[in-house]
>>> print(open('upload_29.txt').read())   # compact mmCIF, C-alpha atoms
# COMPACT_ATOMS: atom_id res chain seq x y z
CA MET A 115 113.22 63.10 109.25
CA THR A 116 112.76 65.44 112.21
CA LEU A 117 114.75 68.16 110.46
CA ALA A 118 112.64 67.77 107.33
CA ILE A 119 109.41 68.02 109.33
CA MET A 120 110.69 71.14 111.07
CA GLY A 121 111.70 72.61 107.73
CA PHE A 122 108.34 71.97 106.10
CA ALA A 123 106.60 73.32 109.21
CA THR A 124 108.74 76.49 108.97
CA VAL A 125 107.83 77.00 105.32
CA ALA A 126 104.14 76.20 105.88
CA THR A 127 103.92 78.58 108.83
CA PHE A 128 105.68 81.30 106.87
CA ILE A 129 103.36 80.88 103.87
CA ILE A 130 100.18 80.72 105.98
CA LEU A 131 101.09 83.84 107.94
CA ILE A 132 101.71 85.77 104.71
CA MET A 133 98.66 84.44 102.86
CA THR A 134 96.32 85.18 105.76
CA LYS A 135 97.96 88.58 106.27
CA ARG A 136 98.72 87.83 109.92
CA LEU A 137 102.25 89.13 109.41
CA SER A 138 104.00 91.15 106.75
CA ALA A 139 106.46 89.29 104.52
CA VAL A 140 109.43 91.03 106.16
CA VAL A 141 108.38 90.14 109.69
CA ALA A 142 107.49 86.56 108.75
CA LEU A 143 110.83 86.05 106.98
CA ILE A 144 112.65 87.12 110.14
CA ALA A 145 110.51 85.76 112.97
CA VAL A 146 109.37 82.34 111.75
CA PRO A 147 112.80 80.78 110.99
CA ILE A 148 114.26 82.19 114.20
CA ILE A 149 111.48 80.64 116.29
CA PHE A 150 111.77 77.25 114.60
CA GLY A 151 115.56 77.51 114.54
CA LEU A 152 115.63 77.70 118.34
CA PHE A 153 114.38 74.10 118.43
CA VAL A 154 116.86 72.76 115.87
CA GLN A 155 120.47 71.89 116.59
CA GLY A 156 122.70 73.32 113.85
CA ASP A 157 126.41 73.66 113.27
CA GLY A 158 126.53 77.17 114.74
CA ASN A 159 124.42 79.68 116.62
CA LEU A 160 121.44 81.40 115.00
CA GLY A 161 123.12 84.79 115.02
CA GLU A 162 126.01 83.55 112.90
CA MET A 163 123.58 81.88 110.48
CA VAL A 164 121.55 85.06 110.07
CA VAL A 165 124.64 87.19 109.44
CA ALA A 166 126.01 84.64 106.95
CA GLY A 167 122.71 84.67 105.05
CA ILE A 168 122.54 88.46 104.98
CA ILE A 169 126.13 88.77 103.73
CA GLN A 170 125.28 86.49 100.81
CA VAL A 171 122.34 88.66 99.66
CA ALA A 172 123.94 92.06 100.39
CA PRO A 173 125.08 92.63 96.76
CA ILE A 174 121.51 92.04 95.55
CA ALA A 175 120.11 94.53 98.07
CA LEU A 176 122.75 97.05 97.00
CA LEU A 177 121.88 96.60 93.33
CA LEU A 178 118.14 96.91 93.85
CA SER A 179 118.32 99.98 96.06
CA PHE A 180 120.28 101.99 93.50
CA ALA A 181 118.35 100.54 90.54
CA ILE A 182 115.10 101.81 92.05
CA LEU A 183 116.65 105.22 92.65
CA PHE A 184 118.21 105.43 89.16
CA PHE A 185 115.08 104.51 87.23
CA GLY A 186 112.99 106.64 89.56
CA ILE A 187 115.21 109.62 88.68
CA MET A 188 114.86 108.81 84.96
CA MET A 189 111.07 108.70 85.31
CA ASP A 190 111.04 111.95 87.29
CA ALA A 191 113.25 113.68 84.75
CA GLY A 192 110.94 112.63 81.92
CA LEU A 193 113.29 110.41 79.93
CA PHE A 194 110.37 108.42 78.53
CA ASP A 195 107.96 111.33 77.99
CA PRO A 196 108.82 112.02 74.31
CA LEU A 197 108.25 108.41 73.38
CA VAL A 198 105.05 108.23 75.43
CA ASN A 199 103.67 111.38 73.81
CA ARG A 200 104.66 110.09 70.38
CA ILE A 201 102.79 106.85 71.00
CA LEU A 202 99.72 108.76 72.13
CA HIS A 203 99.87 110.96 69.03
CA VAL A 204 100.27 108.06 66.61
CA VAL A 205 97.47 105.83 67.93
CA GLY A 206 94.75 108.36 67.13
CA ASN A 207 91.29 106.74 67.30
CA ASP A 208 92.23 103.46 65.59
CA PRO A 209 91.50 100.51 67.95
CA LEU A 210 94.33 98.49 66.38
CA ARG A 211 96.90 101.26 66.89
CA ILE A 212 95.61 101.95 70.38
CA SER A 213 95.91 98.27 71.32
CA ILE A 214 99.48 98.01 70.00
CA GLY A 215 100.31 101.37 71.58
CA THR A 216 99.08 100.01 74.93
CA ALA A 217 101.50 97.10 74.74
CA MET A 218 104.34 99.40 73.68
CA LEU A 219 103.72 102.02 76.36
CA SER A 220 103.31 99.35 79.07
CA SER A 221 106.57 97.69 78.03
CA ILE A 222 108.46 100.98 78.10
CA VAL A 223 107.15 102.15 81.46
CA SER A 224 107.67 98.69 82.98
CA VAL A 225 111.44 99.05 82.59
CA ASP A 226 111.60 100.35 86.17
CA GLY A 227 110.26 97.02 87.45
CA ASP A 228 107.37 98.56 89.40
CA GLY A 229 103.87 97.36 88.51
CA THR A 230 102.15 100.13 90.44
CA THR A 231 104.00 102.89 88.56
CA THR A 232 103.22 101.20 85.26
CA ALA A 233 99.52 100.98 86.07
CA LEU A 234 99.33 104.62 87.12
CA ILE A 235 101.10 106.00 84.04
CA VAL A 236 99.57 103.75 81.38
CA ILE A 237 95.99 103.89 82.63
CA THR A 238 96.11 107.65 83.20
CA ALA A 239 97.41 108.17 79.66
CA LEU A 240 95.24 105.71 77.76
CA LEU A 241 91.96 105.22 79.61
CA PRO A 242 90.49 108.49 78.23
CA VAL A 243 91.35 107.26 74.72
CA TYR A 244 89.67 103.90 75.35
CA ARG A 245 86.57 105.60 76.71
CA ALA A 246 86.42 108.12 73.88
CA ILE A 247 86.04 105.44 71.22
CA GLY A 248 84.33 102.76 73.32
CA MET A 249 87.10 100.13 73.56
CA LYS A 250 86.86 97.50 76.29
CA PRO A 251 88.89 98.43 79.39
CA LEU A 252 89.55 94.69 79.84
CA VAL A 253 91.83 94.90 76.79
CA LEU A 254 93.83 97.66 78.49
CA ALA A 255 94.05 95.68 81.73
CA THR A 256 95.20 92.52 79.95
CA LEU A 257 97.87 94.13 77.77
CA LEU A 258 99.10 96.20 80.71
CA GLY A 259 99.51 93.15 82.94
CA LEU A 260 101.09 90.89 80.34
CA SER A 261 103.58 93.50 79.12
CA ASN A 262 104.55 94.27 82.69
CA SER A 263 104.94 90.58 83.56
CA VAL A 264 107.48 90.01 80.78
CA MET A 265 109.43 93.20 81.41
CA ASN A 266 109.40 92.53 85.14
CA LEU A 267 111.98 89.80 84.56
CA VAL A 268 114.68 92.51 84.39
CA PRO A 269 117.36 92.21 87.13
CA TRP A 270 115.77 94.89 89.30
CA GLY A 271 112.29 93.40 88.97
CA GLY A 272 110.61 91.51 91.80
CA PRO A 273 110.76 87.91 90.50
CA SER A 274 114.41 88.02 89.43
CA ALA A 275 115.50 89.64 92.66
CA ARG A 276 113.64 87.15 94.81
CA ALA A 277 114.86 84.13 92.83
CA ALA A 278 118.44 85.38 93.02
CA ALA A 279 118.18 86.08 96.75
CA ALA A 280 116.56 82.74 97.53
CA LEU A 281 119.06 80.69 95.49
CA LYS A 282 122.11 82.97 95.90
CA LEU A 283 122.51 83.50 92.15
CA ASP A 284 123.97 86.29 90.08
CA LEU A 285 121.05 88.39 88.84
CA VAL A 286 122.49 89.19 85.43
CA SER A 287 124.63 86.24 84.32
CA ASP A 288 122.56 83.45 85.91
CA LEU A 289 119.02 84.69 85.35
CA PHE A 290 118.56 87.74 83.14
CA ILE A 291 120.90 87.20 80.18
CA PRO A 292 119.91 83.53 79.60
CA LEU A 293 116.24 84.56 79.63
CA LEU A 294 116.62 87.43 77.13
CA PRO A 295 115.55 85.32 74.10
CA SER A 296 112.55 84.09 76.06
CA MET A 297 111.64 87.64 77.08
CA PHE A 298 111.93 88.80 73.47
CA LEU A 299 109.63 86.00 72.30
CA GLY A 300 107.22 86.83 75.13
CA LEU A 301 107.08 90.48 74.07
CA VAL A 302 106.51 89.46 70.44
CA ALA A 303 103.61 87.31 71.65
CA VAL A 304 102.16 90.19 73.68
CA PHE A 305 102.29 92.46 70.62
CA GLY A 306 100.69 89.68 68.58
CA LEU A 307 97.93 89.53 71.17
CA ALA A 308 97.59 93.32 70.98
CA TRP A 309 97.13 93.03 67.21
CA TYR A 310 94.46 90.34 67.76
CA PHE A 311 92.61 92.52 70.29
CA GLY A 312 92.87 95.55 68.01
CA VAL A 313 91.39 93.73 65.01
CA ALA A 314 88.60 92.34 67.19
CA GLU A 315 87.81 95.82 68.57
CA ARG A 316 87.83 97.30 65.07
CA ARG A 317 85.25 94.71 64.06
CA ARG A 318 83.12 95.16 67.18
CA LEU A 319 83.10 98.97 66.89
CA GLU A 320 82.71 98.82 63.10
CA TRP A 321 85.71 101.10 62.74
CA LYS A 322 86.97 101.79 59.21
CA PRO A 323 90.21 103.42 57.99
CA ALA A 324 88.11 106.34 56.73
CA ASP A 325 87.28 107.10 60.40
CA MET A 326 90.94 107.67 61.27
CA GLN A 327 91.77 110.80 63.26
CA ASP A 328 95.35 111.65 64.19
CA GLY A 329 96.38 112.71 67.65
CA ALA A 330 95.30 111.49 71.06
CA ALA A 331 92.86 113.21 73.32
CA VAL A 332 95.29 113.48 76.24
CA ASN A 333 98.89 114.44 76.91
CA ILE A 334 101.29 113.40 79.64
CA ALA A 335 101.45 115.95 82.43
CA SER A 336 104.69 117.87 82.97
CA PRO A 337 105.36 118.23 86.71
CA PRO A 338 108.12 120.55 87.97
CA GLU A 339 110.68 117.76 88.41
CA ARG A 340 110.77 117.13 84.65
CA ARG A 341 114.07 117.94 82.90
CA PRO A 342 113.24 117.91 79.15
CA HIS A 343 116.43 119.83 78.29
CA LEU A 344 118.45 116.88 79.64
CA PHE A 345 116.74 114.23 77.53
CA TRP A 346 119.81 113.35 75.45
CA PRO A 347 122.27 113.21 78.37
CA ASN A 348 119.83 111.02 80.30
CA LEU A 349 119.33 108.75 77.30
CA LEU A 350 123.08 108.38 76.73
CA LEU A 351 123.60 107.64 80.42
CA THR A 352 120.91 104.93 80.37
CA ILE A 353 122.30 103.38 77.18
CA GLY A 354 125.79 103.46 78.70
CA LEU A 355 124.51 101.71 81.82
CA MET A 356 122.87 98.97 79.75
CA ALA A 357 126.02 98.55 77.65
CA GLY A 358 128.14 98.26 80.78
CA MET A 359 125.73 95.71 82.22
CA PHE A 360 125.82 93.44 79.17
CA SER A 361 129.57 93.78 78.63
CA GLY A 362 130.43 93.05 82.25
CA LEU A 363 132.44 96.26 82.48
CA ALA A 364 132.07 96.24 86.27
CA PRO A 365 129.87 94.51 88.86
CA LEU A 366 126.27 95.58 88.31
CA PRO A 367 125.84 97.15 91.79
CA VAL A 368 128.86 99.35 91.09
CA LEU A 369 127.52 100.36 87.67
CA MET A 370 124.12 101.18 89.14
CA MET A 371 125.60 103.21 91.99
CA GLY A 372 127.74 105.23 89.59
CA ALA A 373 124.85 105.79 87.16
CA PHE A 374 122.62 106.98 90.00
CA ALA A 375 125.26 109.40 91.29
CA ILE A 376 125.66 110.91 87.82
CA ALA A 377 121.91 111.02 87.15
CA VAL A 378 120.85 112.71 90.38
CA THR A 379 123.70 115.25 90.20
CA MET A 380 123.10 116.06 86.54
CA ASN A 381 119.32 116.41 86.80
CA TYR A 382 119.03 117.91 90.28
CA PRO A 383 122.24 119.72 91.23
CA ASN A 384 120.45 121.49 94.07
CA LEU A 385 120.87 119.42 97.25
CA LYS A 386 117.31 120.00 98.42
CA ALA A 387 115.97 118.84 95.05
CA GLN A 388 118.14 115.73 95.32
CA ARG A 389 116.76 114.96 98.76
CA ASP A 390 113.21 115.46 97.52
CA ARG A 391 113.71 113.02 94.62
CA ILE A 392 115.37 110.44 96.86
CA ASP A 393 112.60 110.85 99.44
CA ALA A 394 110.02 110.26 96.70
CA HIS A 395 111.44 106.78 96.11
CA SER A 396 112.76 105.98 99.56
CA MET A 397 109.76 103.88 100.63
CA ASN A 398 110.26 101.50 97.70
CA VAL A 399 113.97 101.25 98.49
CA VAL A 400 113.42 100.57 102.19
CA MET A 401 110.79 97.90 101.56
CA VAL A 402 112.84 96.06 98.95
CA VAL A 403 116.10 96.16 100.90
CA ALA A 404 114.36 95.06 104.11
CA LEU A 405 112.74 92.19 102.22
CA ILE A 406 116.04 91.02 100.71
CA PHE A 407 117.88 91.15 104.04
CA ALA A 408 115.01 89.34 105.76
CA ALA A 409 115.16 86.68 103.02
CA GLY A 410 118.88 86.32 103.70
CA SER A 411 118.06 85.70 107.34
CA LEU A 412 115.62 82.94 106.42
CA THR A 413 117.93 81.16 103.98
CA GLY A 414 120.85 81.49 106.40
CA ILE A 415 118.92 79.71 109.16
CA MET A 416 117.39 77.11 106.83
CA GLU A 417 120.82 76.20 105.49
CA GLY A 418 122.76 76.53 108.73
CA THR A 419 120.41 74.28 110.69
CA GLY A 420 120.33 71.70 107.91
CA MET A 421 116.58 72.00 107.45
CA LEU A 422 116.81 72.91 103.76
CA ASN A 423 118.95 69.88 102.94
CA ALA A 424 116.68 67.58 104.95
CA MET A 425 113.59 68.92 103.14
CA ALA A 426 115.24 68.35 99.80
CA GLN A 427 116.19 64.79 100.74
CA ALA A 428 112.60 64.09 101.79
CA LEU A 429 111.31 65.55 98.54
CA ILE A 430 113.81 63.51 96.52
CA ALA A 431 112.67 60.34 98.27
CA GLY A 432 109.09 61.07 97.18
CA ILE A 433 109.92 61.81 93.53
CA PRO A 434 109.89 58.85 91.15
CA HIS A 435 113.40 58.46 89.81
CA ALA A 436 112.12 58.64 86.24
CA MET A 437 110.67 62.11 86.91
CA GLY A 438 113.81 63.59 88.48
CA PRO A 439 115.49 64.67 85.23
CA TYR A 440 112.30 66.57 84.32
CA LEU A 441 112.24 68.72 87.47
CA ALA A 442 113.13 71.91 85.58
CA SER A 443 110.10 71.49 83.32
CA VAL A 444 107.94 70.46 86.28
CA THR A 445 109.01 73.62 88.13
CA ALA A 446 108.07 75.76 85.12
CA VAL A 447 104.61 74.17 84.89
CA LEU A 448 104.00 74.36 88.65
CA SER A 449 104.96 78.05 88.65
CA LEU A 450 101.64 78.92 86.97
CA PRO A 451 99.23 77.72 89.71
CA LEU A 452 101.66 78.33 92.56
CA THR A 453 102.37 81.97 91.71
CA PHE A 454 98.66 82.59 91.16
CA LEU A 455 97.74 81.17 94.55
CA MET A 456 100.76 82.44 96.47
CA SER A 457 102.61 85.70 96.88
CA ASN A 458 106.01 86.02 95.26
CA ASP A 459 107.59 86.11 98.71
CA ALA A 460 105.99 82.84 99.81
CA TYR A 461 106.77 81.15 96.50
CA TYR A 462 110.37 82.22 95.98
CA PHE A 463 111.52 82.04 99.58
CA GLY A 464 109.41 79.08 100.68
CA ILE A 465 109.03 76.73 97.69
CA VAL A 466 111.77 77.45 95.13
CA PRO A 467 114.78 76.74 97.40
CA VAL A 468 113.37 73.32 98.23
CA LEU A 469 112.78 72.53 94.54
CA ALA A 470 116.33 73.67 93.74
CA GLU A 471 117.84 71.52 96.45
CA ALA A 472 115.88 68.50 95.25
CA ALA A 473 116.78 69.16 91.62
CA ALA A 474 120.48 69.28 92.49
CA ALA A 475 120.36 65.56 93.24
CA PHE A 476 119.47 64.98 89.60
CA GLY A 477 122.22 67.24 88.24
CA ILE A 478 119.96 70.27 87.65
CA SER A 479 121.68 73.53 88.60
CA PRO A 480 120.01 76.14 90.83
CA GLU A 481 120.07 78.78 88.08
CA VAL A 482 117.96 76.51 85.84
CA ILE A 483 115.38 76.13 88.59
CA GLY A 484 115.52 79.90 89.16
CA ARG A 485 114.73 80.56 85.50
CA ALA A 486 111.99 77.91 85.43
CA SER A 487 110.39 79.38 88.54
CA MET A 488 109.74 82.66 86.70
CA MET A 489 107.78 81.21 83.79
CA GLY A 490 104.46 81.68 85.60
CA GLN A 491 104.79 85.43 86.10
CA PRO A 492 102.16 86.36 83.46
CA VAL A 493 99.64 84.29 85.45
CA HIS A 494 100.91 85.80 88.70
CA GLN A 495 99.93 89.26 87.40
CA LEU A 496 96.29 88.21 87.83
CA SER A 497 96.75 86.85 91.36
CA PRO A 498 94.19 88.13 93.89
CA LEU A 499 97.14 88.60 96.25
CA LEU A 500 98.74 91.28 94.05
CA ALA A 501 98.10 94.90 95.03
CA PRO A 502 98.57 96.46 91.54
CA VAL A 503 95.67 94.29 90.29
CA TYR A 504 93.27 96.10 92.60
CA LEU A 505 94.76 99.49 91.75
CA ALA A 506 94.39 98.87 88.01
CA CYS A 507 90.85 97.54 88.34
CA ALA A 508 89.81 100.49 90.52
CA MET A 509 91.19 102.98 87.99
CA LEU A 510 89.52 101.14 85.10
CA GLY A 511 86.21 100.72 86.90
CA VAL A 512 86.09 96.92 86.41
CA GLU A 513 85.89 93.95 88.77
CA VAL A 514 88.98 91.85 89.50
CA ALA A 515 87.01 88.68 88.73
CA ASP A 516 86.05 90.03 85.30
CA VAL A 517 89.68 90.76 84.46
CA GLN A 518 90.72 87.29 85.65
CA ARG A 519 88.05 85.55 83.58
CA PHE A 520 88.98 87.56 80.48
CA ALA A 521 92.76 87.51 80.79
CA LEU A 522 93.72 84.24 82.48
CA LYS A 523 93.78 82.15 79.29
CA TYR A 524 95.96 84.74 77.57
CA ALA A 525 98.29 84.89 80.58
CA ALA A 526 98.69 81.09 80.49
CA LEU A 527 99.45 81.34 76.77
CA ILE A 528 102.21 83.94 77.33
CA SER A 529 103.67 81.76 80.12
CA LEU A 530 103.75 78.82 77.71
CA ILE A 531 105.47 80.97 75.07
CA LEU A 532 108.05 82.14 77.62
CA PHE A 533 108.74 78.52 78.48
CA VAL A 534 109.06 77.55 74.81
CA GLY A 535 111.50 80.42 74.30
CA ALA A 536 113.54 79.36 77.33
CA VAL A 537 113.66 75.75 76.15
CA GLY A 538 114.54 76.77 72.60
CA SER A 539 117.39 79.01 73.76
CA GLY A 540 118.74 76.41 76.18
CA ALA A 541 117.95 78.41 79.32
CA ILE A 542 115.71 75.60 80.59
CA PRO A 543 116.27 71.97 79.50
CA ILE A 544 113.16 69.83 79.17
CA VAL A 545 115.12 66.91 80.53
CA THR A 546 118.54 66.70 82.19
CA LEU A 547 120.41 63.55 81.24
>>> encode(input="upload_29.txt", output="C-alpha cells")
Amino acid sequence: MTLAIMGFATVATFIILIMTKRLSAVVALIAVPIIFGLFVQGDGNLGEMVVAGIIQVAPIALLLSFAILFFGIMMDAGLFDPLVNRILHVVGNDPLRISIGTAMLSSIVSVDGDGTTTALIVITALLPVYRAIGMKPLVLATLLGLSNSVMNLVPWGGPSARAAAALKLDLVSDLFIPLLPSMFLGLVAVFGLAWYFGVAERRRLEWKPADMQDGAAVNIASPPERRPHLFWPNLLLTIGLMAGMFSGLAPLPVLMMGAFAIAVTMNYPNLKAQRDRIDAHSMNVVMVVALIFAAGSLTGIMEGTGMLNAMAQALIAGIPHAMGPYLASVTAVLSLPLTFLMSNDAYYFGIVPVLAEAAAAFGISPEVIGRASMMGQPVHQLSPLLAPVYLACAMLGVEVADVQRFALKYAALISLILFVGAVGSGAIPIVTL
C-alpha cells in the first residue's frame, strides 16, 4: 500500500506541477520521480532505472527527430504547395466549397504532426477568403482543429508518440496501423461536418450558384527555400517512405533517417542551406526528444521501484470485477474529459500507464489501452491548456471560449465516431472476455 501511495503521490505531483505551470513537462518528468524514488526501495539504484527507461524509448526519440526534420524539409521545399494552391483556386467564393476546402487543406498540412504549423498555414491561406464573403471564422477554427486532431494520430504526432513512449509500444504496428480504419472514418466525418457547415453558411449568406466566382483571393507565398522544380522527386520520395513504412521494409527510424538524408541532400545540396533548414526545425526536434527521454526516465523509475505495479494493484482492487473487461471502453470514454482538462504529457505519462497496468489484470493488452487513450484527441484540441488554440484564436480574432462553445459538441461527435471506427475494425474491443 505504501508503494501505491507513493506512486499516486508522484503522479499527482507531476500533474499538478505541469497544470499550474510551476515546472515544464520535461523538468517535471525528470525531477519528480527522482525525488520520490529516493524514498522508495527498488530492485536497483535510480541511475540504472533511468538508463533502462531511456534505452526503451530511444527508438521512438530517433524516429520522431528525423520525422520532424523530413516533413519540415518537405514543407520548406513546397511539396504541398501545388495542392494547396489548387484547393484555393477551386473553392472560389462558394461557402460549401470553402468549407470542404478548409477540411482538405487542414488534413494535408497536418501530415507533419504539428498543430502550430497547420494553424499558421491554413489560417493565413483561408482567413482572407472567409472574410471576403462573410463566413464565420468559428467554422474555420472548428474544421482546422478537428482535421488536425484526426491526422495527428500519425506515428510522428504527439498523442501516438506519447502513448508509445509511456507504454513501450511500437508506434506503427501497435498503434497507427490498427487505427487507420478509425482515422479514415474520422476524416469522412470531418468532411461530412464541413459539408454541413458549408450548406448552413450558404443559407445564412443567401449564396446561390449564380454568384459563383472562380479563383481565390490569395495565393501561398513562395519563400526562397521553395524547390518547385523538385516537386516530383520529393513526391516520389514521400510515397516511397510511406510504402516502406506500411510494408515493413525496414525499421521505421531507419526509413525516416534515410529519407531525411536523401531529402535534405537533394533539395539543399549546399551545406550552409542544409544547416539553415535543420536549424529552422531544431527547436521542435530538441523539445520532442528531450520530452521522450524524460518520459523514459519517469517510466524507468516507476517500474523499477515497483510503484507502477502497486498503483495498478490498488486500482484493480477498487474496480468492480464486472467492469474490468470493459476497461478499454472506459479508457476511451474517460479520454474525452481527461484530455480536455489535462495536458497530453500529464495524461499519457501520468494516467495511461496506470490504466494499462490495471487492464492487464483483465487480459487487456497495453496496445489496446494505448489506442483507446487517443479517442479523445478531437476534444483535446479545444483544451485551454493547448498553445495552438490561443494562436489560432488570436489569428482569427475570436475568443477561446466562443470556439469551445461552438465546437465542443462537434469534437465529442468526432471522438465518438473514432471510437465506433476502432470498435468496428477490432482495434478496441468493447468487452474483453
>>> residues_near_point(input="upload_29.txt", point="(101.8, 88.7, 82.2)", cutoff="8 Å", atoms="all atoms listed in the file", output="PDB file with C-alpha atoms, in the coordinates of the input")
ATOM      1  CA  THR A 256      95.200  92.520  79.950  1.00  0.00           C
ATOM      2  CA  GLY A 259      99.510  93.150  82.940  1.00  0.00           C
ATOM      3  CA  LEU A 260     101.090  90.890  80.340  1.00  0.00           C
ATOM      4  CA  SER A 261     103.580  93.500  79.120  1.00  0.00           C
ATOM      5  CA  ASN A 262     104.550  94.270  82.690  1.00  0.00           C
ATOM      6  CA  SER A 263     104.940  90.580  83.560  1.00  0.00           C
ATOM      7  CA  VAL A 264     107.480  90.010  80.780  1.00  0.00           C
ATOM      8  CA  GLN A 491     104.790  85.430  86.100  1.00  0.00           C
ATOM      9  CA  PRO A 492     102.160  86.360  83.460  1.00  0.00           C
ATOM     10  CA  VAL A 493      99.640  84.290  85.450  1.00  0.00           C
ATOM     11  CA  HIS A 494     100.910  85.800  88.700  1.00  0.00           C
ATOM     12  CA  GLN A 495      99.930  89.260  87.400  1.00  0.00           C
ATOM     13  CA  LEU A 496      96.290  88.210  87.830  1.00  0.00           C
ATOM     14  CA  ALA A 525      98.290  84.890  80.580  1.00  0.00           C
ATOM     15  CA  ILE A 528     102.210  83.940  77.330  1.00  0.00           C
ATOM     16  CA  SER A 529     103.670  81.760  80.120  1.00  0.00           C
TER      17      SER A 529
END
>>> residues_near_point(input="upload_29.txt", point="(119.2, 83.3, 109.2)", cutoff="8 Å", atoms="all atoms listed in the file", output="MDAnalysis selection string")
chainID A and resid 144 147:148 160:168 410:416 418
>>> write_last_selection(input="upload_29.txt", atoms="C-alpha atoms", output="PDB file, in the frame of the given file")
ATOM      1  CA  ILE A 144     112.650  87.120 110.140  1.00  0.00           C
ATOM      2  CA  PRO A 147     112.800  80.780 110.990  1.00  0.00           C
ATOM      3  CA  ILE A 148     114.260  82.190 114.200  1.00  0.00           C
ATOM      4  CA  LEU A 160     121.440  81.400 115.000  1.00  0.00           C
ATOM      5  CA  GLY A 161     123.120  84.790 115.020  1.00  0.00           C
ATOM      6  CA  GLU A 162     126.010  83.550 112.900  1.00  0.00           C
ATOM      7  CA  MET A 163     123.580  81.880 110.480  1.00  0.00           C
ATOM      8  CA  VAL A 164     121.550  85.060 110.070  1.00  0.00           C
ATOM      9  CA  VAL A 165     124.640  87.190 109.440  1.00  0.00           C
ATOM     10  CA  ALA A 166     126.010  84.640 106.950  1.00  0.00           C
ATOM     11  CA  GLY A 167     122.710  84.670 105.050  1.00  0.00           C
ATOM     12  CA  ILE A 168     122.540  88.460 104.980  1.00  0.00           C
ATOM     13  CA  GLY A 410     118.880  86.320 103.700  1.00  0.00           C
ATOM     14  CA  SER A 411     118.060  85.700 107.340  1.00  0.00           C
ATOM     15  CA  LEU A 412     115.620  82.940 106.420  1.00  0.00           C
ATOM     16  CA  THR A 413     117.930  81.160 103.980  1.00  0.00           C
ATOM     17  CA  GLY A 414     120.850  81.490 106.400  1.00  0.00           C
ATOM     18  CA  ILE A 415     118.920  79.710 109.160  1.00  0.00           C
ATOM     19  CA  MET A 416     117.390  77.110 106.830  1.00  0.00           C
ATOM     20  CA  GLY A 418     122.760  76.530 108.730  1.00  0.00           C
TER      21      GLY A 418
END
>>> atom_distance(input="upload_29.txt", atom1="atom CA of A:Leu422", atom2="atom CA of A:Pro467")
7.7 Å
>>> closest_residue(input="upload_29.txt", among="A:Leu366, A:Ala277, A:Met509, A:Ala191", to="A:Val482", atoms="all atoms listed in the file")
A:Ala277
>>> atom_distance(input="upload_29.txt", atom1="atom CA of A:Val205", atom2="atom CA of A:Ala233")
18.9 Å
>>> atom_distance(input="upload_29.txt", atom1="atom CA of A:Leu452", atom2="atom CA of A:Ser497")
9.9 Å
>>> closest_residue(input="upload_29.txt", among="A:Tyr461, A:Tyr310, A:Phe305, A:Trp321", to="A:Ile247", atoms="only C-alpha atoms")
A:Trp321
>>> residues_around(input="upload_29.txt", residues="stretch 269-273 of chain A", least_positions_apart="3", cutoff="8 Å", atoms="all atoms listed in the file", output="PyMOL selection string")
chain A and resi 177-178+181-182+226-228+266+276-277+285-286+289-290+458+462+488+491
>>> closest_residue(input="upload_29.txt", among="A:Asp288, A:Leu210, A:Ala172, A:Gln427", to="A:Pro323", atoms="only C-alpha atoms")
A:Leu210
>>> residues_around(input="upload_29.txt", residues="A:Phe345", least_positions_apart="3", cutoff="10 Å", atoms="all atoms listed in the file", output="list in words")
Met188, Ala191, Gly192, Leu193, Phe194, Asp195, Pro196, Arg340, Arg341, Pro342, Asn348, Leu349, Leu350, Leu351 and Asn381 of chain A
>>> residues_around(input="upload_29.txt", residues="A:Pro251", least_positions_apart="6", cutoff="9 Å", atoms="only C-alpha atoms", output="ChimeraX atom specification")
/A:241,244-245,510-512
>>> closest_residue(input="upload_29.txt", among="A:Thr546, A:Asn207, A:Asn159, A:Thr216", to="A:Arg316", atoms="all atoms listed in the file")
A:Asn207
